[in-house]
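Worksheet: the structure to be examined is printed underneath.
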Amino acid sequence: MLEKYNPGEILKIAVEVEKNGKELYALLEVKSRDPQAGLLWAYLKQQEEVHQQTFQEMLSNQKDYLVVEFSTGEHEPYLKAIASEYIFTQDLIKEHIGQEFKSDSEAIDFGISVEKISILTYSALREYINKNKQPVLDKVIDEEKNHLAKLKSLKRTIDHTGI
Amino acid sequence: MTEHFNPQKVLEIALKVKESSQKLYQALSSKTADSQLKNLWDHLGQDSEFHSKVFKEMCQDIESYVVYELSAGEYDPYLSEITPGFRYTQEAIGKKIKELFVTDLEAVEFAIYVVIELILVYSALKNCIVPEKLDIFNKIIGDEKKHLTKLNLAKRNLMAKPS
């Protein structure tokens with residue numbers, strides 16, 4: 001049901017996505033054949049742990065973080081659509097926890113798709129966060145952008161070396 | 001080594017992506033048996049044509065649109081990291097124009113992938129646009145967000161259909 005994707009629900013999903021992401025990256029760290037990829041998965045695992053705690057804090061103190069009254073304009077359907085895509089991603093992460101990737105390159109592609117949808121979801125959610133708390137979310141968004149850049153860089157290296 | 005991408009190069013790729021997207025949406029519109037989906041592809045095709053015209057104008061008059069770089073490499077490194085993937089998106093669209101898709105759902109999912117890439121790249125590029133020209137650029141980002149909303153709805157409708 002799309003209707004349930006209000007900002008509070010999105011925070012709940014974010015906690016779950018970060019938690020599942022951490023679990024997936026921990027598995028990839030162990031399974032990776034490329035040492036550079038192994039280091040990156042270990043780093044991302046730690047980062048997801050921090051993000052999970054951040055979203056849990058936001059979820060537990062929603063009244064401090066979420067704007068109580070906001071105008072429901074053009075942004076709301078977009079937030080719902082992006083949240084729906086985010087849910088599909090969460091399901092895919094769970095699938096991949098139980099099912100290995102064929103190669104490091106395929107795992108990195110999946111990591112890239114998770115980071116992309118996370119950036120868009122958190123950026124859309126930002127509109128509903130109190131101004132004084134926006135820096136908390138901005139830090140997470142910047143870190144996700146950094147993860148995306150690192151994954152893309154590693155993808156180019158791995159595709160070049162053919163591992 | 002990361003290739004240095006300046007905003008002009010990114011805009012040139014954006015123009016090519018939009019020109020290719022327009023062709024892809026035209027091909028998808030002529031192939032689908034679903035009238036609702038046909039309307040969606042037509043709408044996306046028309047918007048892509050409009051966006052192409054805007055990007056063409058921006059590329060031809062780059063100094064009026066893009067903030068001048070004071071020193072080499074000063075532009076956001078994040079933009080440089082995500083741009084190679086954007087070029088890959090353009091190549092993938094070109095491939096899909098020839099091959100097309102087995103199902104409507106597959107086509108919609110590919111279009112969502114493209115739109116997510118566009119929103120990410122345009123949002124990063126926004127920091128390089130001169131303030132007086134931001135309105136037209138924000139309109140394009142807003143259009144892409146609306147596209148994502150419509151495509152997500154189409155995806156959920158197709159997934160709900162009995163196979």
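Every chain in the structure tokens takes a letter, A first, then B, and so on in the order presented; its residues are numbered from 1, and the ligands are numbered from 1 following the presented order.
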Distance limit 9 Å, atoms considered: only C-alpha atoms. Which chain B residues sit that close to chain A? Return them as a list in words.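 Close enough to count are Met1, Thr2, Pro77, Tyr78, Leu79, Ser80, Glu81, Ile82, Pro84, Gly85, Tyr113, Ile116, Glu117, Ile119, Leu120, Gly142, Lys145, Lys146, Leu148, Thr149, Lys150, Leu151, Asn152 and Leu153 of chain B.
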Give the helix (DSSP H, G or I) residues of chain B, as DSSP finds them on the backbone, and put them as a PyMOL selection string. chain B and resi 7-31+35-60+62-65+77-99+104-128+131-160
Residues near range 14-20 of chain B, cut-off 6 Å, only C-alpha atoms, skip fewer than 3 positions along chain, as a list in words: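 Near range 14-20 of chain B, the qualifying residues are Leu11, Lys23, Ser48, Ser52, Phe55 and Gln90 of chain B.
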Leu134 in chain B surroundings by only C-alpha atoms, 12 Å radius, close-in-sequence under 3 positions cut, as number ranges by chain: B: 58, 64-67, 122-123, 125-131, 137-142
Using only C-alpha atoms, can you tell me which of B:Leu100, B:Lys31, B:Gln26, B:Ile136 comes closest to Gln46 in chain B? B:Gln26
For each of B:Asp76, B:Ser21, B:Leu28, B:Val114, take the minimum atom-to-atom distance to Asp47 in chain B, counting only C-alpha atoms, then give the residue where this is smallest.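 Closest to Asp47 in chain B, using only C-alpha atoms: B:Ser21.
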Using only C-alpha atoms, which residue out of A:Ser105, A:Gln62, A:Thr121, A:Asn130 lies closest to Thr161 in chain A?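 With only C-alpha atoms as the atom set, the closest residue is A:Ser105.
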Within 9 Å of Lys155 in chain B using only C-alpha atoms, minus same-chain residues under 5 positions, as a PyMOL selection string: chain B and resi 104-105+108-109+150+160
Write a file of the selected residues as a CSV table (one decimal), in the first residue's frame, keeping N, CA and C atoms.
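Output contents, as saved in part_28.csv:
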```csv
chain,number,residue,atom,x,y,z
B,104,ASP,N,6.5,-5.3,-20.8
B,104,ASP,CA,6.3,-3.8,-20.5
B,104,ASP,C,7.0,-3.5,-19.1
B,105,LEU,N,6.9,-4.5,-18.2
B,105,LEU,CA,7.5,-4.3,-16.9
B,105,LEU,C,9.0,-4.0,-17.0
B,108,VAL,N,9.6,-0.5,-18.2
B,108,VAL,CA,9.3,0.5,-17.2
B,108,VAL,C,10.4,0.5,-16.1
B,109,GLU,N,10.9,-0.7,-15.8
B,109,GLU,CA,12.0,-0.7,-14.8
B,109,GLU,C,13.3,-0.1,-15.4
B,150,LYS,N,5.2,8.8,-12.1
B,150,LYS,CA,4.3,8.1,-13.0
B,150,LYS,C,4.8,6.7,-13.4
B,160,ALA,N,0.8,-5.7,-10.4
B,160,ALA,CA,-0.5,-6.2,-9.8
B,160,ALA,C,-1.3,-7.0,-10.8
```
Polymer residues at most 9 Å from Tyr122 in chain A, only C-alpha atoms, same-chain spacing of 2 or more positions, as a JSON list (two decimals) with C-alpha atoms, in the first residue's frame:
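Final output, saved to part_36.json:
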```json
[["chain", "number", "residue", "atom", "x", "y", "z"],
["A", 10, "ILE", "CA", 10.05, 6.16, 5.72],
["A", 14, "ALA", "CA", 15.41, 3.52, 6.53],
["A", 117, "ILE", "CA", 17.98, 5.08, -4.16],
["A", 118, "SER", "CA", 19.12, 5.89, -0.60],
["A", 119, "ILE", "CA", 20.41, 9.31, -1.71],
["A", 120, "LEU", "CA", 17.15, 10.11, -3.51],
["A", 124, "ALA", "CA", 13.17, 13.69, -0.62],
["A", 125, "LEU", "CA", 12.66, 13.12, 3.12],
["A", 126, "ARG", "CA", 14.74, 16.23, 3.91],
["A", 137, "LEU", "CA", 20.29, 14.08, 7.59],
["A", 138, "ASP", "CA", 22.62, 16.13, 5.36],
["A", 140, "VAL", "CA", 24.00, 10.92, 6.06],
["A", 141, "ILE", "CA", 23.23, 12.08, 2.47]]
```
Please provide the set of residues having any atom within 12 Å of range 36-46 of chain A, restricted to only C-alpha atoms, with same-chain residues fewer than 3 positions apart removed, written as a count of residues only. 47
Which residue, B:Phe50, B:Phe101, B:Trp41, B:Tyr88, has the smallest gap to His147 in chain B when you use only C-alpha atoms?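 Answer, going by the shortest atom-to-atom distance: B:Trp41.
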